[in-house]
$ cat query_31.tsv   # TSV, C-alpha atoms and all ligand atoms
chain	number	residue	atom	x	y	z
Z	1	MET	CA	69.65	30.53	-21.29
Z	2	ASN	CA	66.09	29.48	-20.39
Z	3	LYS	CA	65.06	30.91	-17.07
Z	4	PRO	CA	62.82	28.95	-14.66
Z	5	ARG	CA	59.20	29.86	-15.24
Z	6	ILE	CA	56.88	31.19	-12.56
Z	7	ALA	CA	53.08	31.44	-12.66
Z	8	ILE	CA	50.98	33.41	-10.19
Z	9	TYR	CA	47.25	32.97	-9.85
Z	10	TRP	CA	44.46	34.41	-7.74
Z	11	CYS	CA	41.37	32.39	-6.74
Z	12	ALA	CA	38.87	33.61	-4.09
Z	13	SER	CA	40.76	36.24	-2.13
Z	14	CYS	CA	40.85	39.95	-1.37
Z	15	GLY	CA	44.02	40.61	-3.37
Z	16	GLY	CA	46.25	41.12	-0.32
Z	17	CYS	CA	48.47	38.19	-1.34
Z	18	GLU	CA	49.14	39.94	-4.65
Z	19	GLU	CA	50.06	43.06	-2.65
Z	20	SER	CA	52.61	41.00	-0.73
Z	21	LEU	CA	54.24	40.18	-4.05
Z	22	ILE	CA	54.29	43.85	-5.04
Z	23	ASP	CA	55.80	44.59	-1.61
Z	24	LEU	CA	58.84	42.56	-2.69
Z	25	GLY	CA	59.88	45.92	-4.12
Z	26	GLU	CA	63.37	45.79	-5.61
Z	27	ASP	CA	63.45	42.03	-5.08
Z	28	LEU	CA	60.90	41.84	-7.93
Z	29	LEU	CA	63.68	43.06	-10.22
Z	30	LYS	CA	65.97	40.38	-8.83
Z	31	LEU	CA	63.19	37.87	-9.46
Z	32	ALA	CA	62.81	39.11	-13.04
Z	33	ARG	CA	66.56	38.49	-13.55
Z	34	SER	CA	66.45	34.95	-12.13
Z	35	ALA	CA	63.11	33.75	-13.48
Z	36	GLU	CA	60.51	34.40	-16.13
Z	37	ILE	CA	57.05	35.27	-14.86
Z	38	ILE	CA	54.92	33.77	-17.61
Z	39	PHE	CA	51.46	34.07	-16.11
Z	40	TRP	CA	50.12	36.65	-13.65
Z	41	PRO	CA	46.57	37.78	-14.56
Z	42	ALA	CA	46.53	40.50	-11.87
Z	43	ALA	CA	49.56	42.19	-13.47
Z	44	MET	CA	49.62	41.19	-17.14
Z	45	ASP	CA	47.56	39.67	-19.90
Z	46	GLY	CA	47.34	35.87	-19.93
Z	47	ARG	CA	44.96	33.21	-21.13
Z	48	PHE	CA	43.93	29.74	-20.04
Z	49	SER	CA	44.80	28.52	-23.55
Z	50	ASP	CA	48.41	29.88	-23.17
Z	51	LEU	CA	48.83	27.68	-20.12
Z	52	GLU	CA	47.22	24.69	-21.78
Z	53	ALA	CA	49.75	24.94	-24.62
Z	54	LEU	CA	52.73	24.55	-22.24
Z	55	ALA	CA	54.39	21.17	-21.73
Z	56	ASP	CA	53.43	19.41	-18.49
Z	57	GLY	CA	55.84	20.23	-15.66
Z	58	SER	CA	57.41	23.12	-17.58
Z	59	ILE	CA	56.54	25.78	-14.97
Z	60	PHE	CA	59.03	25.70	-12.10
Z	61	ILE	CA	56.81	27.31	-9.44
Z	62	SER	CA	53.12	28.13	-9.39
Z	63	LEU	CA	52.10	30.43	-6.57
Z	64	ILE	CA	48.36	30.14	-6.03
Z	65	ASN	CA	46.56	32.38	-3.58
Z	66	GLY	CA	42.92	32.45	-2.53
Z	67	ALA	CA	40.45	29.81	-1.46
Z	68	ILE	CA	38.67	27.51	-3.89
Z	69	GLN	CA	35.10	28.73	-4.16
Z	70	GLN	CA	34.13	28.37	-7.82
Z	71	GLU	CA	34.41	25.75	-10.52
Z	72	ASP	CA	36.93	27.84	-12.51
Z	73	HIS	CA	39.23	27.96	-9.47
Z	74	VAL	CA	39.31	24.16	-9.52
Z	75	ASN	CA	39.97	24.06	-13.25
Z	76	MET	CA	42.82	26.57	-13.02
Z	77	ALA	CA	44.34	24.88	-9.95
Z	78	ARG	CA	44.29	21.50	-11.73
Z	79	LEU	CA	45.83	22.97	-14.87
Z	80	LEU	CA	48.61	24.74	-12.93
Z	81	ARG	CA	49.28	21.54	-10.97
Z	82	LYS	CA	49.69	19.61	-14.22
Z	83	LYS	CA	52.04	22.21	-15.70
Z	84	SER	CA	54.16	22.86	-12.58
Z	85	ARG	CA	57.01	21.22	-10.78
Z	86	PHE	CA	56.16	22.97	-7.49
Z	87	VAL	CA	52.81	24.37	-6.37
Z	88	ILE	CA	52.82	26.74	-3.41
Z	89	ALA	CA	49.61	27.62	-1.56
Z	90	ASN	CA	50.30	31.29	-0.93
Z	91	GLY	CA	48.49	32.88	2.01
Z	92	SER	CA	45.85	31.86	4.53
Z	93	CYS	CA	42.98	31.41	2.06
Z	94	ALA	CA	44.87	28.92	-0.11
Z	95	GLN	CA	46.43	27.22	2.93
Z	96	ILE	CA	43.50	26.96	5.35
Z	97	GLY	CA	40.53	28.67	3.65
Z	98	GLY	CA	41.03	32.10	5.24
Z	99	VAL	CA	38.21	34.52	5.90
Z	100	ILE	CA	36.57	33.28	2.66
Z	101	GLY	CA	36.12	29.91	4.41
Z	102	LEU	CA	33.65	31.50	6.85
Z	103	ALA	CA	31.18	31.33	3.94
Z	104	ASN	CA	30.89	27.66	4.91
Z	105	LEU	CA	28.63	28.76	7.77
Z	106	HIS	CA	25.98	29.35	5.11
Z	107	ARG	CA	24.68	27.70	1.98
Z	108	PRO	CA	25.94	29.27	-1.30
Z	109	LYS	CA	22.43	30.64	-2.02
Z	110	GLU	CA	22.44	32.47	1.32
Z	111	VAL	CA	25.91	33.92	0.61
Z	112	LEU	CA	24.74	35.32	-2.75
Z	113	GLN	CA	21.53	36.67	-1.21
Z	114	ARG	CA	23.55	38.49	1.45
Z	115	ALA	CA	26.22	39.81	-0.94
Z	116	TYR	CA	23.92	40.98	-3.73
Z	117	ILE	CA	20.65	41.84	-2.00
Z	118	ASP	CA	20.63	42.10	1.78
Z	119	ALA	CA	23.95	43.83	2.54
Z	120	GLU	CA	23.35	47.32	3.92
Z	121	THR	CA	25.67	48.92	1.36
Z	122	VAL	CA	24.09	47.26	-1.70
Z	123	ALA	CA	21.64	49.11	-3.99
Z	124	ASN	CA	20.14	46.45	-6.26
Z	125	PRO	CA	16.44	47.28	-6.90
Z	126	PRO	CA	15.95	44.53	-9.55
Z	127	ARG	CA	17.39	42.06	-6.98
Z	128	THR	CA	19.75	40.55	-9.56
Z	129	ILE	CA	21.86	37.61	-8.41
Z	130	PRO	CA	24.56	36.12	-10.68
Z	131	GLY	CA	23.30	33.00	-12.42
Z	132	SER	CA	24.96	30.58	-14.82
Z	133	GLN	CA	25.40	33.10	-17.66
Z	134	THR	CA	25.33	36.80	-18.47
Z	135	ALA	CA	22.49	38.50	-20.39
Z	136	SER	CA	24.57	37.98	-23.56
Z	137	SER	CA	24.89	34.22	-22.86
Z	138	CYS	CA	28.49	34.35	-21.69
Z	139	PRO	CA	28.89	31.49	-19.16
Z	140	LEU	CA	29.65	32.46	-15.56
Z	141	PRO	CA	31.61	30.23	-13.18
Z	142	ARG	CA	29.53	28.04	-10.88
Z	143	HIS	CA	29.84	28.32	-7.10
Z	144	LEU	CA	30.92	25.14	-5.34
Z	145	ASN	CA	28.76	23.88	-2.51
Z	146	ARG	CA	31.43	24.85	-0.03
Z	147	VAL	CA	34.74	26.74	0.11
Z	148	ARG	CA	37.84	24.54	0.03
Z	149	THR	CA	41.54	24.93	0.71
Z	150	LEU	CA	43.87	24.44	-2.25
Z	151	ASP	CA	45.07	21.05	-1.02
Z	152	GLN	CA	41.48	19.84	-0.84
Z	153	VAL	CA	41.41	19.94	-4.67
Z	154	ILE	CA	45.04	19.43	-5.79
Z	155	ASP	CA	48.33	18.17	-4.41
Z	156	VAL	CA	50.31	21.06	-2.86
Z	157	ASP	CA	54.08	21.08	-2.31
Z	158	TYR	CA	54.52	24.01	0.09
Z	159	TYR	CA	52.51	26.56	2.04
Z	160	ILE	CA	53.24	30.22	2.81
Z	161	PRO	CA	50.99	31.26	5.70
Z	162	GLY	CA	49.52	34.66	6.55
Z	163	CYS	CA	46.78	37.11	5.68
Z	164	PRO	CA	48.42	38.59	3.82
Z	165	PRO	CA	51.56	36.42	3.74
Z	166	PRO	CA	54.53	38.51	4.94
Z	167	SER	CA	56.61	39.49	1.89
Z	168	GLU	CA	59.73	38.21	3.59
Z	169	LEU	CA	58.24	34.70	3.72
Z	170	VAL	CA	57.22	34.92	0.05
Z	171	LYS	CA	60.69	36.08	-0.93
Z	172	ASN	CA	62.43	33.36	1.09
Z	173	ALA	CA	60.18	30.68	-0.38
Z	174	ILE	CA	60.67	31.68	-4.02
Z	175	PHE	CA	64.43	32.28	-3.84
Z	176	SER	CA	65.04	29.17	-1.81
Z	177	LEU	CA	63.47	27.04	-4.57
Z	178	LEU	CA	65.25	29.01	-7.31
Z	179	GLU	CA	68.54	28.31	-5.53
Z	180	ASN	CA	67.66	24.59	-5.49
Z	181	ASN	CA	67.10	24.43	-1.74
Z	182	PHE	CA	64.04	22.27	-1.50
Z	183	PRO	CA	62.29	22.05	1.89
Z	184	LEU	CA	60.52	18.83	2.81
Z	185	LYS	CA	57.34	18.43	0.77
Z	186	GLY	CA	54.33	19.72	2.69
Z	187	SER	CA	56.37	22.26	4.67
Z	188	ILE	CA	54.76	25.44	5.94
Z	189	LEU	CA	57.44	27.99	5.11
Z	190	SER	CA	57.61	29.99	8.32
Z	191	GLU	CA	59.01	29.34	11.78
Z	192	ASN	CA	57.46	26.48	13.72
Z	193	ARG	CA	56.97	28.14	17.10
Z	194	ALA	CA	54.12	30.11	18.59
Z	195	LEU	CA	53.88	33.84	18.00
Z	196	CYS	CA	54.26	34.53	21.75
Z	197	HIS	CA	57.94	33.47	21.55
Z	198	THR	CA	58.85	36.54	19.53
Z	199	CYS	CA	56.13	38.93	20.72
Z	200	PRO	CA	57.48	42.19	22.15
Z	201	ARG	CA	55.04	41.74	25.08
Z	202	GLN	CA	56.20	38.20	25.80
Z	203	GLY	CA	57.88	39.21	29.07
Z	204	THR	CA	54.55	40.36	30.46
Z	205	LEU	CA	52.71	37.09	29.71
Z	206	PRO	CA	52.36	35.62	33.21
Z	207	GLU	CA	53.23	32.00	33.79
Z	208	HIS	CA	49.91	31.49	35.53
Z	209	LEU	CA	46.87	33.23	34.17
Z	210	SER	CA	43.23	33.06	35.26
Z	211	VAL	CA	40.59	35.10	33.44
Z	212	LEU	CA	37.28	36.02	35.09
Z	213	ARG	CA	36.12	38.42	32.42
Z	214	PHE	CA	36.89	38.48	28.68
Z	215	LYS	CA	36.84	42.01	27.34
Z	216	ARG	CA	36.65	43.27	23.80
Z	217	ILE	CA	39.14	45.97	22.88
Z	218	HIS	CA	36.54	48.75	22.86
Z	219	GLU	CA	35.50	47.86	26.42
Z	220	THR	CA	38.76	48.75	28.10
Z	221	LEU	CA	41.65	51.18	28.06
Z	222	TRP	CA	44.36	48.64	27.37
Z	223	ASN	CA	48.02	48.96	28.24
Z	224	PRO	CA	50.06	48.99	24.99
Z	225	ARG	CA	53.03	47.25	26.64
Z	226	GLN	CA	51.26	44.46	28.51
Z	227	CYS	CA	50.27	41.05	27.17
Z	228	PHE	CA	46.69	41.21	25.86
Z	229	LEU	CA	45.68	38.00	27.61
Z	230	ASP	CA	46.83	39.38	30.95
Z	231	GLN	CA	44.36	42.22	30.36
Z	232	GLY	CA	41.48	39.81	29.63
Z	233	ILE	CA	41.60	40.53	25.89
Z	234	ILE	CA	41.69	37.40	23.75
Z	235	CYS	CA	44.92	37.13	21.76
Z	236	LEU	CA	45.58	34.02	19.66
Z	237	GLY	CA	49.37	34.24	19.96
Z	238	PRO	CA	49.76	31.00	21.98
Z	239	SER	CA	48.09	28.89	19.26
Z	240	THR	CA	49.36	30.74	16.17
Z	241	ARG	CA	52.52	30.17	14.16
Z	242	GLY	CA	55.11	32.94	14.37
Z	243	GLY	CA	56.83	34.58	11.41
Z	244	CYS	CA	54.93	37.85	10.94
Z	245	ARG	CA	57.21	39.93	13.19
Z	246	SER	CA	54.16	40.39	15.48
Z	247	ARG	CA	52.71	42.93	13.09
Z	248	CYS	CA	49.28	43.21	14.78
Z	249	ILE	CA	50.72	43.34	18.30
Z	250	SER	CA	53.13	46.08	17.14
Z	251	ALA	CA	50.08	48.01	15.91
Z	252	ASN	CA	48.51	47.46	19.36
Z	253	MET	CA	45.96	44.88	18.20
Z	254	PRO	CA	45.67	41.29	19.44
Z	255	CYS	CA	46.61	38.41	17.15
Z	256	ARG	CA	43.72	36.83	15.25
Z	257	GLY	CA	45.59	33.76	14.08
Z	258	CYS	CA	46.25	34.41	10.40
Z	259	LEU	CA	49.54	32.50	10.24
Z	260	GLY	CA	47.59	29.38	11.11
Z	261	PRO	CA	48.42	26.51	13.43
Z	262	LEU	CA	51.80	25.00	14.26
Z	263	ASP	CA	52.98	21.74	12.70
Z	264	GLY	CA	50.98	18.76	13.91
Z	265	VAL	CA	47.88	20.73	14.97
Z	266	ARG	CA	44.93	19.32	13.05
Z	267	ASP	CA	42.36	21.98	14.01
Z	268	GLN	CA	43.47	25.52	14.84
Z	269	GLY	CA	40.08	26.53	16.27
Z	270	ALA	CA	39.90	23.50	18.58
Z	271	LYS	CA	43.47	24.13	19.75
Z	272	THR	CA	42.60	27.76	20.51
Z	273	ILE	CA	39.39	26.84	22.33
Z	274	SER	CA	41.45	24.42	24.40
Z	275	PHE	CA	43.96	27.07	25.53
Z	276	ILE	CA	41.23	29.65	26.18
Z	277	ALA	CA	39.36	27.07	28.28
Z	278	SER	CA	42.52	26.51	30.33
Z	279	LEU	CA	42.41	30.19	31.38
Z	280	ILE	CA	39.04	29.69	33.09
Z	281	GLU	CA	39.62	28.25	36.54
Z	282	GLU	CA	36.03	28.53	37.71
Z	283	THR	CA	34.37	25.18	38.46
Z	284	ASP	CA	30.74	26.19	38.85
Z	285	PRO	CA	29.04	25.42	35.47
Z	286	GLU	CA	26.80	28.49	35.67
Z	287	LYS	CA	29.75	30.81	36.32
Z	288	ILE	CA	31.73	29.12	33.52
Z	289	ALA	CA	28.79	29.67	31.14
Z	290	ALA	CA	28.63	33.35	32.20
Z	291	ILE	CA	32.36	33.84	31.47
Z	292	VAL	CA	32.17	32.02	28.11
Z	293	SER	CA	29.13	34.07	27.08
Z	294	GLN	CA	31.38	37.16	27.15
Z	295	ILE	CA	33.19	35.85	24.06
Z	296	ALA	CA	31.49	37.46	21.08
Z	297	ASP	CA	31.22	35.41	17.86
Z	298	PRO	CA	33.34	32.43	18.98
Z	299	THR	CA	33.26	30.76	15.55
Z	300	GLY	CA	34.38	33.94	13.80
Z	301	LEU	CA	37.08	34.42	16.41
Z	302	PHE	CA	38.52	30.92	16.79
Z	303	TYR	CA	38.00	29.78	13.18
Z	304	ARG	CA	38.45	33.14	11.47
Z	305	TYR	CA	41.05	31.79	9.05
Z	306	SER	CA	40.74	28.02	9.32
Z	307	LEU	CA	37.12	26.89	9.13
Z	308	ALA	CA	37.50	25.36	5.64
Z	309	ALA	CA	40.52	23.34	6.83
Z	310	SER	CA	39.00	22.36	10.18
Z	311	LEU	CA	37.56	19.02	11.15
Z	312	ILE	CA	34.06	20.42	10.85
Z	313	LYS	CA	34.72	22.29	7.55
Z	314	THR	CA	31.12	23.47	7.18
Z	315	ARG	CA	28.02	23.99	9.28
Z	316	HIS	CA	25.93	21.91	6.90
Z	317	LYS	CA	26.41	18.17	7.12
Z	318	GLY	CA	27.58	16.50	3.90
Z	319	LEU	CA	27.81	19.78	1.98
Z	320	GLY	CA	30.32	19.52	-0.82
Z	321	GLN	CA	31.12	15.83	-0.45
Z	322	THR	CA	29.10	14.95	-3.54
Z	323	ASP	CA	29.89	17.75	-5.97
Z	324	GLY	CA	32.86	15.93	-7.50
Z	325	PHE	CA	35.52	18.56	-6.76
Z	326	SER	CA	37.09	17.18	-3.58
Z	327	ARG	CA	40.23	15.06	-3.56
Z	328	GLU	CA	39.53	14.24	0.08
Z	329	THR	CA	38.54	10.69	0.89
Z	330	SER	CA	36.79	11.47	4.16
R	401	LIG	S1	49.27	36.32	24.09
R	401	LIG	FE1	49.47	37.88	22.48
R	401	LIG	S2	50.19	39.74	23.54
R	401	LIG	FE2	50.53	38.01	24.90
R	401	LIG	S3	52.64	37.36	24.53
R	401	LIG	FE3	51.31	36.11	23.20
R	401	LIG	S4	51.21	37.18	21.25
R	401	LIG	FE4	52.00	38.64	22.79
R	402	LIG	S1	49.85	39.02	14.75
R	402	LIG	FE1	48.57	37.24	14.31
R	402	LIG	S2	46.86	38.00	13.02
R	402	LIG	FE2	48.49	39.58	13.04
R	402	LIG	S3	49.75	39.14	11.21
R	402	LIG	FE3	50.70	38.05	12.93
R	402	LIG	S4	49.78	35.98	12.89
R	402	LIG	FE4	48.50	37.31	11.62
$ encode --input "query_31.tsv" --output "structure tokens" --more "lines below"
Ligand code: SF4
Ligand code: SF4
Amino acid sequence: MNKPRIAIYWCASCGGCEESLIDLGEDLLKLARSAEIIFWPAAMDGRFSDLEALADGSIFISLINGAIQQEDHVNMARLLRKKSRFVIANGSCAQIGGVIGLANLHRPKEVLQRAYIDAETVANPPRTIPGSQTASSCPLPRHLNRVRTLDQVIDVDYYIPGCPPPSELVKNAIFSLLENNFPLKGSILSENRALCHTCPRQGTLPEHLSVLRFKRIHETLWNPRQCFLDQGIICLGPSTRGGCRSRCISANMPCRGCLGPLDGVRDQGAKTISFIASLIEETDPEKIAAIVSQIADPTGLFYRYSLAASLIKTRHKGLGQTDGFSRETS
């Protein structure tokens, strides 16, 4: 009997989403019994031409992780879309751009300069930066003008949030489709309520909260049982989707928003800024400015995972609208 086919691909990401798949553990064996993994470059040999040779729609599920940062990511995403019945954006980078999306604060040339020349840990005396081909004329993929989410270049059926996506969510998503339980197209396959609802510190989140000083975690001896916000430490639990079993809070670190926004929230960073602003009750503009100035790197904090999916998308006006890779109309 022909088993449903699964393809797994990795665009611009750190590899953590692939680790989540490995963390399926014995469920990987169950998966191997129920489906045939036909393409997974991180784990086995596979070629673009093998995929091209398949009939359109003949892959049951393609799980694509990572943001779209290079021309070959677009080509592979388009090919997998053509060959697949369902495409799942797996993890924060594919869903909302992830940390990779923060590259949109800079022009691609600046990103390469930083990564290959200026970074403190880089030793590159000839100051070599990747160009369009290797010394032996092998073509190299071209950087896009800006980082995109997967659904900014192809149609996506479902999303698994998280950085990395919790294995439990990955498992539920794959087996639900294999058992012919199809969620509504466009669903984000995790619970649709804020992280605070299931946080072990939820009982210590006061109903009324007013913050006069925002502290970073190294500036205070924080209580490991008390809500971070109540201690003046920014935690993004109120504006972040639940479903991770509060893994950062359990490790005594505040949430940084990797499971993304709840349904209906267009801009996770703006939503977060709005709730943080509501904690400041001061009315004197100078005092408000003094409190806000205590928040280090607000863009990196509020848009850590979602800049590429946000309303602003990039710091540079018009960047990426004319490079021919977007499926967005505005
Ligand atoms: S703000 Fe953070 S620490 Fe407080 S209840 Fe929400 S998730 Fe938990
Ligand atoms: S606590 Fe927040 S940052 Fe940590 S895994 Fe959960 S959603 Fe992601």
$ closest_residue --input "query_31.tsv" --among "Z:Leu29, Z:Ile59, Z:Cys14, Z:Ile276" --to "Asn2 (chain Z)" --atoms "all atoms listed in the file"
Z:Ile59
$ residues_near_ligand --input "query_31.tsv" --ligand "ligand LIG 401 (chain R)" --cutoff "10 Å" --atoms "all atoms listed in the file" --output "VMD selection string"
chain Z and resid 194 to 206 224 to 231 233 to 240 242 246 248 to 250 252 to 257
$ write_last_selection --input "query_31.tsv" --atoms "C-alpha atoms" --output "mmCIF file, in the coordinates of the input"
data_model
loop_
_atom_site.group_PDB
_atom_site.id
_atom_site.type_symbol
_atom_site.label_atom_id
_atom_site.label_comp_id
_atom_site.auth_asym_id
_atom_site.auth_seq_id
_atom_site.Cartn_x
_atom_site.Cartn_y
_atom_site.Cartn_z
ATOM 1 C CA ALA Z 194 54.120 30.110 18.590
ATOM 2 C CA LEU Z 195 53.880 33.840 18.000
ATOM 3 C CA CYS Z 196 54.260 34.530 21.750
ATOM 4 C CA HIS Z 197 57.940 33.470 21.550
ATOM 5 C CA THR Z 198 58.850 36.540 19.530
ATOM 6 C CA CYS Z 199 56.130 38.930 20.720
ATOM 7 C CA PRO Z 200 57.480 42.190 22.150
ATOM 8 C CA ARG Z 201 55.040 41.740 25.080
ATOM 9 C CA GLN Z 202 56.200 38.200 25.800
ATOM 10 C CA GLY Z 203 57.880 39.210 29.070
ATOM 11 C CA THR Z 204 54.550 40.360 30.460
ATOM 12 C CA LEU Z 205 52.710 37.090 29.710
ATOM 13 C CA PRO Z 206 52.360 35.620 33.210
ATOM 14 C CA PRO Z 224 50.060 48.990 24.990
ATOM 15 C CA ARG Z 225 53.030 47.250 26.640
ATOM 16 C CA GLN Z 226 51.260 44.460 28.510
ATOM 17 C CA CYS Z 227 50.270 41.050 27.170
ATOM 18 C CA PHE Z 228 46.690 41.210 25.860
ATOM 19 C CA LEU Z 229 45.680 38.000 27.610
ATOM 20 C CA ASP Z 230 46.830 39.380 30.950
ATOM 21 C CA GLN Z 231 44.360 42.220 30.360
ATOM 22 C CA ILE Z 233 41.600 40.530 25.890
ATOM 23 C CA ILE Z 234 41.690 37.400 23.750
ATOM 24 C CA CYS Z 235 44.920 37.130 21.760
ATOM 25 C CA LEU Z 236 45.580 34.020 19.660
ATOM 26 C CA GLY Z 237 49.370 34.240 19.960
ATOM 27 C CA PRO Z 238 49.760 31.000 21.980
ATOM 28 C CA SER Z 239 48.090 28.890 19.260
ATOM 29 C CA THR Z 240 49.360 30.740 16.170
ATOM 30 C CA GLY Z 242 55.110 32.940 14.370
ATOM 31 C CA SER Z 246 54.160 40.390 15.480
ATOM 32 C CA CYS Z 248 49.280 43.210 14.780
ATOM 33 C CA ILE Z 249 50.720 43.340 18.300
ATOM 34 C CA SER Z 250 53.130 46.080 17.140
ATOM 35 C CA ASN Z 252 48.510 47.460 19.360
ATOM 36 C CA MET Z 253 45.960 44.880 18.200
ATOM 37 C CA PRO Z 254 45.670 41.290 19.440
ATOM 38 C CA CYS Z 255 46.610 38.410 17.150
ATOM 39 C CA ARG Z 256 43.720 36.830 15.250
ATOM 40 C CA GLY Z 257 45.590 33.760 14.080
#
$ residues_near_point --input "query_31.tsv" --point "(54.6, 25.7, 17.1)" --cutoff "7 Å" --atoms "all atoms listed in the file" --output "list in words"
Asn192, Arg193, Ala194, Arg241, Leu262 and Asp263 of chain Z
$ residues_around --input "query_31.tsv" --residues "Ile8 (chain Z)" --least-positions-apart "3" --cutoff "6 Å" --atoms "all atoms listed in the file" --output "number ranges by chain"
Z: 39-40, 62-64
$ closest_residue --input "query_31.tsv" --among "Z:Gly25, Z:Ala55, Z:Arg78, Z:Pro108" --to "Ser167 (chain Z)" --atoms "all atoms listed in the file"
Z:Gly25
$ closest_residue --input "query_31.tsv" --among "Z:Gly46, Z:Pro141, Z:Gly57, Z:Pro164" --to "ligand LIG 402 (chain R)" --atoms "all atoms listed in the file"
Z:Pro164
$ closest_residue --input "query_31.tsv" --among "Z:Arg85, Z:Phe48, Z:Cys93, Z:Gln70" --to "Leu140 (chain Z)" --atoms "only C-alpha atoms"
Z:Gln70
$ atom_distance --input "query_31.tsv" --atom1 "CA of Ile38 (chain Z)" --atom2 "CA of Ile6 (chain Z)"
6.0 Å
$ atom_distance --input "query_31.tsv" --atom1 "CA of Ile117 (chain Z)" --atom2 "CA of Gly300 (chain Z)"
22.4 Å
$ atom_distance --input "query_31.tsv" --atom1 "CA of Ala277 (chain Z)" --atom2 "CA of Ile295 (chain Z)"
11.5 Å
$ closest_residue --input "query_31.tsv" --among "Z:Leu279, Z:Cys258, Z:Met44, Z:Ala94" --to "Leu150 (chain Z)" --atoms "all atoms listed in the file"
Z:Ala94
$ closest_residue --input "query_31.tsv" --among "Z:Leu102, Z:Ala135, Z:Val122, Z:Ile217" --to "Ser310 (chain Z)" --atoms "only C-alpha atoms"
Z:Leu102
$ residues_around --input "query_31.tsv" --residues "His143 (chain Z)" --least-positions-apart "2" --cutoff "12 Å" --atoms "only C-alpha atoms" --output "PDB file with C-alpha atoms, keeping the file's coordinate frame"
ATOM      1  CA  ALA Z  12      38.870  33.610  -4.090  1.00  0.00           C
ATOM      2  CA  ILE Z  68      38.670  27.510  -3.890  1.00  0.00           C
ATOM      3  CA  GLN Z  69      35.100  28.730  -4.160  1.00  0.00           C
ATOM      4  CA  GLN Z  70      34.130  28.370  -7.820  1.00  0.00           C
ATOM      5  CA  GLU Z  71      34.410  25.750 -10.520  1.00  0.00           C
ATOM      6  CA  ASP Z  72      36.930  27.840 -12.510  1.00  0.00           C
ATOM      7  CA  HIS Z  73      39.230  27.960  -9.470  1.00  0.00           C
ATOM      8  CA  VAL Z  74      39.310  24.160  -9.520  1.00  0.00           C
ATOM      9  CA  ALA Z 103      31.180  31.330   3.940  1.00  0.00           C
ATOM     10  CA  ARG Z 107      24.680  27.700   1.980  1.00  0.00           C
ATOM     11  CA  PRO Z 108      25.940  29.270  -1.300  1.00  0.00           C
ATOM     12  CA  LYS Z 109      22.430  30.640  -2.020  1.00  0.00           C
ATOM     13  CA  GLU Z 110      22.440  32.470   1.320  1.00  0.00           C
ATOM     14  CA  VAL Z 111      25.910  33.920   0.610  1.00  0.00           C
ATOM     15  CA  LEU Z 112      24.740  35.320  -2.750  1.00  0.00           C
ATOM     16  CA  PRO Z 130      24.560  36.120 -10.680  1.00  0.00           C
ATOM     17  CA  GLY Z 131      23.300  33.000 -12.420  1.00  0.00           C
ATOM     18  CA  SER Z 132      24.960  30.580 -14.820  1.00  0.00           C
ATOM     19  CA  LEU Z 140      29.650  32.460 -15.560  1.00  0.00           C
ATOM     20  CA  PRO Z 141      31.610  30.230 -13.180  1.00  0.00           C
ATOM     21  CA  ASN Z 145      28.760  23.880  -2.510  1.00  0.00           C
ATOM     22  CA  ARG Z 146      31.430  24.850  -0.030  1.00  0.00           C
ATOM     23  CA  VAL Z 147      34.740  26.740   0.110  1.00  0.00           C
ATOM     24  CA  ARG Z 148      37.840  24.540   0.030  1.00  0.00           C
ATOM     25  CA  GLY Z 320      30.320  19.520  -0.820  1.00  0.00           C
ATOM     26  CA  ASP Z 323      29.890  17.750  -5.970  1.00  0.00           C
ATOM     27  CA  PHE Z 325      35.520  18.560  -6.760  1.00  0.00           C
TER      28      PHE Z 325
END
$ residues_around --input "query_31.tsv" --residues "Lys82 (chain Z)" --least-positions-apart "6" --cutoff "12 Å" --atoms "all atoms listed in the file" --output "list in words"
Leu51, Glu52, Ala53, Leu54, Ala55, Asp56, Gly57, Ser58, Ile59, Phe60, Ile61, Ser62, Asn75, Met76, Ile154, Asp155 and Val156 of chain Z
$ axis_aligned_box --input "query_31.tsv" --around "ligand LIG 402 (chain R)" --padding-each-side "5 Å" --output "lines of an AutoDock Vina configuration file"
center_x = 48.8
center_y = 37.8
center_z = 13.0
size_x = 13.8
size_y = 13.6
size_z = 13.5
$ build_atoms --input "query_31.tsv" --residues "region 71-77 of chain Z" --atoms "N, CA and C atoms" --output "PDB file, keeping the file's coordinate frame"
ATOM      1  N   GLU Z  71      33.955  26.817  -9.633  1.00  0.00           N
ATOM      2  CA  GLU Z  71      34.410  25.750 -10.520  1.00  0.00           C
ATOM      3  C   GLU Z  71      35.667  26.168 -11.306  1.00  0.00           C
ATOM      4  N   ASP Z  72      35.753  27.442 -11.723  1.00  0.00           N
ATOM      5  CA  ASP Z  72      36.930  27.840 -12.510  1.00  0.00           C
ATOM      6  C   ASP Z  72      38.193  27.865 -11.663  1.00  0.00           C
ATOM      7  N   HIS Z  73      38.049  28.063 -10.329  1.00  0.00           N
ATOM      8  CA  HIS Z  73      39.230  27.960  -9.470  1.00  0.00           C
ATOM      9  C   HIS Z  73      39.788  26.535  -9.496  1.00  0.00           C
ATOM     10  N   VAL Z  74      38.876  25.566  -9.477  1.00  0.00           N
ATOM     11  CA  VAL Z  74      39.310  24.160  -9.520  1.00  0.00           C
ATOM     12  C   VAL Z  74      40.008  23.871 -10.841  1.00  0.00           C
ATOM     13  N   ASN Z  75      39.392  24.333 -11.932  1.00  0.00           N
ATOM     14  CA  ASN Z  75      39.970  24.060 -13.250  1.00  0.00           C
ATOM     15  C   ASN Z  75      41.371  24.669 -13.376  1.00  0.00           C
ATOM     16  N   MET Z  76      41.508  25.911 -12.905  1.00  0.00           N
ATOM     17  CA  MET Z  76      42.820  26.570 -13.020  1.00  0.00           C
ATOM     18  C   MET Z  76      43.838  25.896 -12.095  1.00  0.00           C
ATOM     19  N   ALA Z  77      43.418  25.546 -10.888  1.00  0.00           N
ATOM     20  CA  ALA Z  77      44.340  24.880  -9.950  1.00  0.00           C
ATOM     21  C   ALA Z  77      44.820  23.551 -10.543  1.00  0.00           C
TER      22      ALA Z  77
END
